[in-house]
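Student: First the structure, then my questions, so here it is.
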There are 2 protein chains.
Amino acid sequence: MIQPWKMNGDKVAYDCGFFQVHVQQSASPVTGKEHPFYVLSTWDWVNVIAFTDDGKIPMVYQFRHGSGDFSLEIPGGAVDQKDGDALDAGKRELLEETGYEAREWHSLGKIHPNPAILNNTCHIYLALGAKKVSELDLDEAEELEVRLHDLAEVKQLIQQGKLQHALVIAAFQLLDLFQKSNPRLF
Amino acid sequence: MIQPWKMNGDKVAYDCGFFQVHVQQSASPVTGKEHPFYVLSTWDWVNVIAFTDDGKIPMVYQFRHGSGDFSLEIPGGAVDQKDGDALDAGKRELLEETGYEAREWHSLGKIHPNPAILNNTCHIYLALGAKKVSELDLDEAEELEVRLHDLAEVKQLIQQGKLQHALVIAAFQLLDLFQKSNPRLF
């Protein structure tokens with residue numbers, strides 16, 4: 001039976017503002033030998049698949065500095081201190097990034113963006129009955145375009161490699177599983 | 001029409017060995033104003049969904065230092081210099097981490113693990129006709145357990161929140177889409 005590693009030391013080696021680079025010294029349960037592991041700590045994240053009553057999903061298209069390219073995504077962001085919880089953060093991000101509010105919210109699950117190097121969780125929500133109620137309210141370094149797609153188009157964009165964000169693709173897998181268990185909602 | 005940002009500077013602020021933390025200075029196409037962006041550069045990754053001829057998927061269960069917990073995943077890792085390409089890396093990782101080789105390989109697509117903060121691509125492969133041919137061949141700080149699950153079990157584990165790795169969940173979404181376009185293979 002496989003055992004957990006024992007963390008003997010943890011220090012912040014570099015602070016990037018919205019994430020911190022930690023060096024952890026952890027001992028193998030098998031050999032007892034210590035190894036260094038680099039881990040990033042950051043806030044939890046939230047992502048929202050919203051549907052209008054006529055089956056359109058408000059999505060955001062924006063330039064991403066990691067890939068150096070544009071990325072088609074669902075609205076989302078960090079769960080921060082002004083949010084009561086991840087659901088509040090989801091409602092806030094949907095409104096800020098797309099101008100939509102929704103009637104009915106369901107959790108699709110919680111996933112690890114990358115358990116090897118990130119310490120955080122991403123909360124995925126489904127929002128039904130979404131309606132445009134306001135203009136966008138973006139952060140200073142945020143520029144994005146809202147695009148509406150139906151679910152069949154999203155699946156096609158994933159298959160064509162035009163939607164490549166792993167967290168977004170994972171959210172649509174969770175949606176599929178939720179739909180199968182809750183057919184009456186759709 | 002939304003425009004790309006212009007990178008005016010890029011320096012490595014901290015080197016973690018298998019990834020480097022960059023600070024990029026990039027100018028908004030709208031305001032012209034420069035903002036700092038933290039980006040991690042690292043190798044491409046590869047992940048493999050393999051099936052034995054009787055429908056079992058060899059998976060790996062291991063302790064992950066980011067989440068500080070165990071994680072159920074498909075075999076995979078970094079595409080490194082000893083690999084000719086991502087497919088070679090997939091074959092190597094499947095063999096090293098599970099001891100399996102496979103008869104038939106298909107690309108399921110390329111995704112971005114996190115286009116906001118990571119510069120790399122994760123290549124996802126499907127391997128059919130997998131067979132156990134050897135023992136595991138692990139790196140010094142790698143300890144893992146091989147577990148066999150069929151596809152229905154994997155879907156259930158995702159739905160129950162017992163399989164939470166975003167890249168793995170995304171790989172199964174790509175598999176679903178591939179299966180729909182290639183029903184004869186399954």
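Here, A, B, ... name the chains of the structure tokens in the order displayed, residue numbers run from 1 inside each chain, and ligands are numbered from 1 in the same displayed order.
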Determine which residues of chain A sit within 8 Å of chain B, taking into account only C-alpha atoms, and present them as a VMD selection string.
Tutor: chain A and resid 2 to 5 14 16 28 35 37 to 41 62 to 71 109 to 120 141 143 to 145 155 158 to 159 161 164 to 167 169 to 174 177 to 178
Student: For Asp54 (chain B), which of B:Leu157, B:Leu87, B:Leu185, B:Leu128 is the closest residue, counting only C-alpha atoms?
Tutor: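 Using only C-alpha atoms, Asp54 (chain B) sits closest to B:Leu128.
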Student: Please determine, counting only C-alpha atoms, which residue among B:Tyr125, B:Thr98, B:Asp44, B:Ser107 has the shortest atom-to-atom distance to Met59 (chain B).
Tutor: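 Among the listed residues, the smallest separation from Met59 (chain B) belongs to B:Thr98.
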Student: Considering only C-alpha atoms, state which residue in the set A:Lys180, A:Leu136, A:Ala86, A:Tyr100 is at the smallest distance from Lys56 (chain A).
Tutor: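 Among A:Lys180, A:Leu136, A:Ala86, A:Tyr100, it is A:Tyr100 that comes nearest to Lys56 (chain A).
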Student: Report as number ranges by chain all protein, DNA and RNA residues lying within 9 Å of Val48 (chain B), evaluated on only C-alpha atoms, omitting residues in the same chain fewer than 4 positions from it.
Tutor: B: 74-76, 90-91, 93-94, 123-127, 171
Student: Those residues with C-alpha atoms, as a compact mmCIF listing (two decimals), in the first residue's frame please?
Tutor:
```txt
# COMPACT_ATOMS: atom_id res chain seq x y z
CA ILE B 74 -3.32 8.30 -16.50
CA PRO B 75 0.38 7.69 -17.21
CA GLY B 76 2.28 10.67 -18.54
CA GLY B 90 3.94 8.81 -24.52
CA LYS B 91 5.22 5.32 -25.34
CA GLU B 93 5.94 7.07 -20.07
CA LEU B 94 3.35 4.31 -20.53
CA HIS B 123 -0.25 15.99 -25.96
CA ILE B 124 -2.96 13.40 -25.35
CA TYR B 125 -2.77 9.93 -26.89
CA LEU B 126 -5.01 6.92 -27.09
CA ALA B 127 -3.19 3.58 -27.07
CA ALA B 171 -8.26 13.71 -21.69
```
Student: Can you tell me how far CA of Leu72 (chain A) sits from CA of Leu148 (chain A), in Å to one decimal?
Tutor: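 Computed distance, CA of Leu72 (chain A) to CA of Leu148 (chain A), equals 10.8 Å.
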